[in-house]
Every structure is written in structure tokens, then in C-alpha cells.
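The structure under discussion appears below in the form of C-alpha cells.
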Amino acid sequence: MLKLKGMLLLTITMVLFTLNSAVADELKDFLLSQLDGKGMVDAINVRKHTIIIEDRLYYLSKNVNVFDIRRKTHVSINRLRPRNKIGFKTSALKKPTAPYDQLITRIWLLPKNSF
């Protein structure tokens with residue numbers, strides 16, 4: 001079911017680029033409402049699989065998928081930089097250990113004017 005939802009979000013993202021702006025704005029709002037979170041990247045450490053978004057620490061899945069909406073393609077996690085605006089999907093860790101309680105599984109690199 002999660003995979004199906006992820007594919008639906010990816011499809012909606014692709015459609016955004018082919019529609020007129022009024023419809024695209026409505027779909028953008030829908031996409032953002034389906035995310036578990038959004039925010040600006042404060043810091044990222046790919047080797048430690050950690051990311052700080054809006055002063056909150058998250059753990060990155062070792063298989064995290066990153067999609068660049070502007071380029072309409074998957075990109076490496078190494079493309080993320082501080083001050084990038086992102087949307088993301090999470091899942092709860094099976095064995096939470098402080099300070100981690102959420103695992104980021106998918107990231108959408110968003111345009112600067114997204115929110």
C-alpha cells in the first residue's frame with residue numbers, strides 16, 4: 001500500500017508540469033498535504049544517515065529515494081544541501097532510540113517558492 005501511495009505522489013508530481021497553473025496549484029497543494037512533513041534542510045550527514053529539518057533530527061533510510069521535482073528525475077541523496085526545501089515521507093522506527101523516532105524513506109526536493 002505504501003508503495004502504491006508513493007507511486008501516486010510521483011505521478012501527481014509529473015502531472016504538475018503539464019497542466020495550467022490553476023490546476024497545477026491545486027495539485028501542488030494536494031501533494032504537499034499528502035507528505036508526512038516538509039521544511040528546510042538545516043544540515044545533512046549522509047555517512048551517518050541523519051538529516052536536520054527545521055531543527056528536528058531524523059534518521060535517513062539507507063535506501064532513501066530522492067526526487068527532484070524541478071528536474072523531474074531521481075537524484076542522489078548527495079544533492080541535498082542546507083537551505084533546500086523538501087517534502088518527505090516517514091515511517092516509525094521499529095526500535096526507536098533517542099533522539100531518533102522517525103525514519104525518512106522518501107524525499108522530494110521542492111522549488112524555493114513551494115511554501
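A note on labels: chains of the C-alpha cells are A, B, ... as shown, every chain counts residues from 1, and ligands are counted from 1 in their shown order.
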Would you pick out the contacts of stretch 61-73 of chain A at 6 Å or less, using only C-alpha atoms, so that residues sharing its chain but fewer than 6 positions from it are not included, and give the list as a ChimeraX atom specification? /A:104-110
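The environment of A:Leu103 within 10 Å, counting only C-alpha atoms and disregarding residues fewer than 6 places along the same chain, consists of His49, Thr50, Tyr58, Tyr59, Leu60, Ser61, Lys62, Val64, Lys89, Thr90, Ser91, Ala92, Leu93, Lys94 and Pro96 of chain A.
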Write the residues of the preceding selection, restricted to C-alpha atoms, as a PDB file, in the first residue's frame.
```pdb
ATOM      1  CA  HIS A  49      22.290   8.754   7.686  1.00  0.00           C
ATOM      2  CA  THR A  50      20.996  11.805   9.532  1.00  0.00           C
ATOM      3  CA  TYR A  58      15.649  12.487  11.559  1.00  0.00           C
ATOM      4  CA  TYR A  59      17.290   9.239  10.526  1.00  0.00           C
ATOM      5  CA  LEU A  60      17.546   8.547   6.772  1.00  0.00           C
ATOM      6  CA  SER A  61      16.709   5.138   5.386  1.00  0.00           C
ATOM      7  CA  LYS A  62      19.751   3.539   3.774  1.00  0.00           C
ATOM      8  CA  VAL A  64      16.010   6.682   0.770  1.00  0.00           C
ATOM      9  CA  LYS A  89       7.536  10.605   3.868  1.00  0.00           C
ATOM     10  CA  THR A  90       8.443   8.827   7.090  1.00  0.00           C
ATOM     11  CA  SER A  91       7.858   5.587   8.887  1.00  0.00           C
ATOM     12  CA  ALA A  92       8.230   4.901  12.580  1.00  0.00           C
ATOM     13  CA  LEU A  93      11.390   3.139  13.631  1.00  0.00           C
ATOM     14  CA  LYS A  94      10.811  -0.405  14.871  1.00  0.00           C
ATOM     15  CA  PRO A  96      13.292   3.958  18.423  1.00  0.00           C
TER      16      PRO A  96
END
```
Which parts of stretch 49-92 of chain A does DSSP call strand (DSSP E) when run on the backbone here, written out as a tab-separated table (two decimals) with C-alpha atoms, in the first residue's frame?
```tsv
chain	number	residue	atom	x	y	z
A	50	THR	CA	21.00	11.81	9.53
A	51	ILE	CA	19.26	14.99	8.47
A	52	ILE	CA	18.10	18.00	10.43
A	53	ILE	CA	14.95	19.65	9.10
A	56	ARG	CA	14.41	18.37	14.18
A	57	LEU	CA	16.74	15.39	13.80
A	58	TYR	CA	15.65	12.49	11.56
A	59	TYR	CA	17.29	9.24	10.53
A	60	LEU	CA	17.55	8.55	6.77
A	61	SER	CA	16.71	5.14	5.39
A	62	LYS	CA	19.75	3.54	3.77
A	63	ASN	CA	17.59	3.20	0.65
A	64	VAL	CA	16.01	6.68	0.77
A	65	ASN	CA	14.55	7.78	-2.57
A	66	VAL	CA	15.12	11.41	-3.55
A	67	PHE	CA	13.13	13.00	-6.35
A	68	ASP	CA	13.96	16.43	-7.78
A	73	THR	CA	14.07	12.83	-12.01
A	74	HIS	CA	15.51	10.80	-9.16
A	75	VAL	CA	18.74	12.19	-7.76
A	85	LYS	CA	13.18	22.99	0.73
A	86	ILE	CA	11.97	19.41	0.86
A	87	GLY	CA	8.89	17.32	1.43
A	88	PHE	CA	9.24	13.84	2.88
A	89	LYS	CA	7.54	10.60	3.87
A	90	THR	CA	8.44	8.83	7.09
A	91	SER	CA	7.86	5.59	8.89
A	92	ALA	CA	8.23	4.90	12.58
```
Pairwise distance for atom CA of A:Ser33 and atom CA of A:Ser114, rounded to one decimal in Å: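 Distance between the two atoms: 12.2 Å.
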